[in-house]
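Asker: Can you keep this structure in mind? I'll have questions shortly.
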Amino acid sequence: MNKASVRTPLGNAILEGDANGISKLYLTEESPESTSVATPQLQEAIEQLQQYFAGELKEFHLKLNPQGTAFQKKVWQALQKIPFGRTASYMELAKELGDPLAIRAVAAANGRNPLWIFVPCHRVIGSDGSLTGYAGGLWRKKWLLDHEQPVKQQSLRL
C-alpha cells in the first residue's frame with residue numbers, strides 16, 4: 001500500500017492506494033508525511049483534490065477501491081450518485097437502496113466511508129435539512145457544502 005499526503009483547506013489529507021485504486025482518504029491535523037514519489041494513481045488523486053478545492057473540479061474521475069462490506073459498498077456507490085452542489089437525506093438514500101427502514105444502517109455505512117471527499121458523504125443531511133453527524137466534524141461538512149454552492153451564493157449577492 002502506497003501513501004501520499006496533501007494540504008487542504010480542511011487539514012492534511014492522507015491518501016492510500018495501489019494499482020487497484022485509492023482505498024483511503026482521511027484528514028489529520030498532523031503535518032503531512034513526506035513522500036518521495038507518489039504513484040501515478042496517488043498523484044492523480046492529489047491533483048484532482050487540488051482542483052476541487054480551487055473550485056475547478058466538480059466530479060472526481062479516479063479508480064477507487066474502498067474496503068468494506070457488500071452493504072457498505074452499495075451505500076458508497078449510492079453516495080457517488082449525489083451530484084455536486086446537491087444533498088440527499090439518509091431517508092432518500094435508504095429508499096434509493098430499496099429499504100426505507102434501513103436509515104440507521106445507511107447512516108452507519110456513511111460514517112464508515114473510507115474515501116472522505118471522493119465518495120461525497122458530506123452531501124447527506126437530515127430529513128429536516130439539518131447538518132447531522134460527520135466524522136470530520138460538522139464545521140468541515142458545512143465548509144464542503146458551502147464550497148459546492150458558489151452559484152447559489154453569487155446569485156444571492158445580485
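Following the order of the C-alpha cells, chains are lettered A, B, ..., residues in each are numbered from 1, and ligands are numbered from 1.
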With only C-alpha atoms as the counted atoms, please give the residues lying no more than 12 Å from A:Asp18, apart from itself and same-chain residues fewer than 2 positions off, as a list of chain:residue names.

Answerer: A:Met1, A:Asn2, A:Lys3, A:Ala4, A:Leu15, A:Glu16, A:Asn20, A:Gly21, A:Ile22, A:Ser23, A:Lys24, A:Ala38, A:Thr39, A:Pro40, A:Gln41, A:Leu42, A:Gln43, A:Ala45, A:Lys63, A:Leu64, A:Asn65, A:Pro66

Asker: Once DSSP has gone over the backbone, tell me which residues of stretch 1-109 of chain A are in strand (DSSP E or B), as a PyMOL selection string.

Answerer: chain A and resi 2-8+11-18+21-28+64+88-89

Asker: Identify, with DSSP run on backbone atoms, the residues in chain A assigned to helix (DSSP H, G or I), and express the list as a VMD selection string.

Answerer: chain A and resid 40 to 53 70 to 79 90 to 96 100 to 111 121 to 123 138 to 147 150 to 157

Asker: Closest to A:Leu145 among A:Leu101, A:Ala88, A:Leu62, A:Ile14, using only C-alpha atoms?

Answerer: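 Of the candidates, the smallest distance to A:Leu145 is held by A:Ala88.
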
Asker: Quick one: everything within 12 Å of A:Gln50, counting only C-alpha atoms, minus sequence neighbours fewer than 5 positions away in the same chain. Send it as a PDB file with C-alpha atoms, in the first residue's frame.

Answerer:
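What landed in result39.pdb:
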```pdb
ATOM      1  CA  SER A   5      -0.318  13.469   1.595  1.00  0.00           C
ATOM      2  CA  VAL A   6      -1.501  16.909   0.570  1.00  0.00           C
ATOM      3  CA  ARG A   7      -2.509  20.047   2.430  1.00  0.00           C
ATOM      4  CA  THR A   8      -6.140  21.107   2.030  1.00  0.00           C
ATOM      5  CA  PRO A   9      -8.172  23.977   3.495  1.00  0.00           C
ATOM      6  CA  LEU A  10      -9.656  21.414   5.908  1.00  0.00           C
ATOM      7  CA  ASN A  12      -3.817  17.486   5.831  1.00  0.00           C
ATOM      8  CA  ALA A  13      -5.225  14.723   3.654  1.00  0.00           C
ATOM      9  CA  GLN A  43      -0.526  11.795  -7.846  1.00  0.00           C
ATOM     10  CA  GLU A  44      -3.681  11.970  -9.979  1.00  0.00           C
ATOM     11  CA  ALA A  45      -5.821  11.896  -6.808  1.00  0.00           C
ATOM     12  CA  GLY A  55     -13.147  25.346  -7.500  1.00  0.00           C
ATOM     13  CA  GLU A  56     -12.070  23.859 -10.837  1.00  0.00           C
ATOM     14  CA  LEU A  57     -13.400  20.303 -10.444  1.00  0.00           C
ATOM     15  CA  LYS A  58     -16.911  19.122  -9.645  1.00  0.00           C
ATOM     16  CA  PHE A  60     -13.701  13.069  -9.424  1.00  0.00           C
ATOM     17  CA  ILE A 117     -14.485  13.544  -0.253  1.00  0.00           C
TER      18      ILE A 117
END
```

Asker: Name the residues in contact with A:Pro100 at a cut-off of 7 Å, using only C-alpha atoms, excluding same-chain residues fewer than 5 positions from it; report them as a ChimeraX atom specification.

Answerer: /A:91,94-95

Asker: Neighbours of A:Val124 within 8 Å (only C-alpha atoms; same-chain residues fewer than 6 positions away dropped), as a PyMOL selection string?

Answerer: chain A and resi 87-90

Asker: Please write the residues from the selection above to a file, keeping N, CA, C and O atoms, as a PDB file, in the first residue's frame.

Answerer:
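Once everything was written out, this is selection_36.pdb:
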```pdb
ATOM      1  N   THR A  87     -27.775  17.810  -2.201  1.00  0.00           N
ATOM      2  CA  THR A  87     -27.746  16.985  -0.996  1.00  0.00           C
ATOM      3  C   THR A  87     -28.853  15.940  -1.085  1.00  0.00           C
ATOM      4  O   THR A  87     -29.770  16.051  -1.902  1.00  0.00           O
ATOM      5  N   ALA A  88     -28.764  14.944  -0.239  1.00  0.00           N
ATOM      6  CA  ALA A  88     -29.792  13.910  -0.102  1.00  0.00           C
ATOM      7  C   ALA A  88     -29.898  13.588   1.378  1.00  0.00           C
ATOM      8  O   ALA A  88     -28.930  13.757   2.135  1.00  0.00           O
ATOM      9  N   SER A  89     -31.048  13.118   1.785  1.00  0.00           N
ATOM     10  CA  SER A  89     -31.218  12.727   3.185  1.00  0.00           C
ATOM     11  C   SER A  89     -30.909  11.238   3.345  1.00  0.00           C
ATOM     12  O   SER A  89     -30.889  10.481   2.363  1.00  0.00           O
ATOM     13  N   TYR A  90     -30.689  10.837   4.579  1.00  0.00           N
ATOM     14  CA  TYR A  90     -30.475   9.418   4.857  1.00  0.00           C
ATOM     15  C   TYR A  90     -31.696   8.623   4.412  1.00  0.00           C
ATOM     16  O   TYR A  90     -31.576   7.525   3.880  1.00  0.00           O
TER      17      TYR A  90
END
```

Asker: Can you list, as a list of chain:residue names, every protein, DNA or RNA residue that comes within 9 Å of A:Leu79 when you count only C-alpha atoms, leaving out same-chain residues fewer than 5 positions away?

Answerer: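 Residues meeting the cut-off are A:Lys74, A:Ala88, A:Leu93, A:Asn110, A:Val119, A:Pro120, A:Cys121, A:Arg123, A:Val124.
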
Asker: Tell me, as a list in words, which residues lie within 12 Å of A:Gly68, counting only C-alpha atoms; anything in the same chain fewer than 3 positions away does not count.

Answerer: Ser23, Lys24, Asn65, Phe71, Gln72, Lys73, Lys74, Val75, Trp76, Gln77, Ala108, Ala109, Asn110, Gly111, Arg112, Asn113, Pro114 and Leu115 of chain A

Asker: Interatomic distance between atom CA of A:Arg86 and atom CA of A:Asp146?

Answerer: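 Computing the Euclidean distance for atom CA of A:Arg86 and atom CA of A:Asp146 yields 10.8 Å.
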
Asker: Provide the atom CA of A:Ile125 to atom CA of A:Glu47 distance in Å, to one decimal place.

Answerer: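 Computing it gives 27.8 Å between the two atoms.
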
Asker: To one decimal place, how far is atom CA of A:His122 from atom CA of A:Tyr134 in Å?

Answerer: 7.0 Å
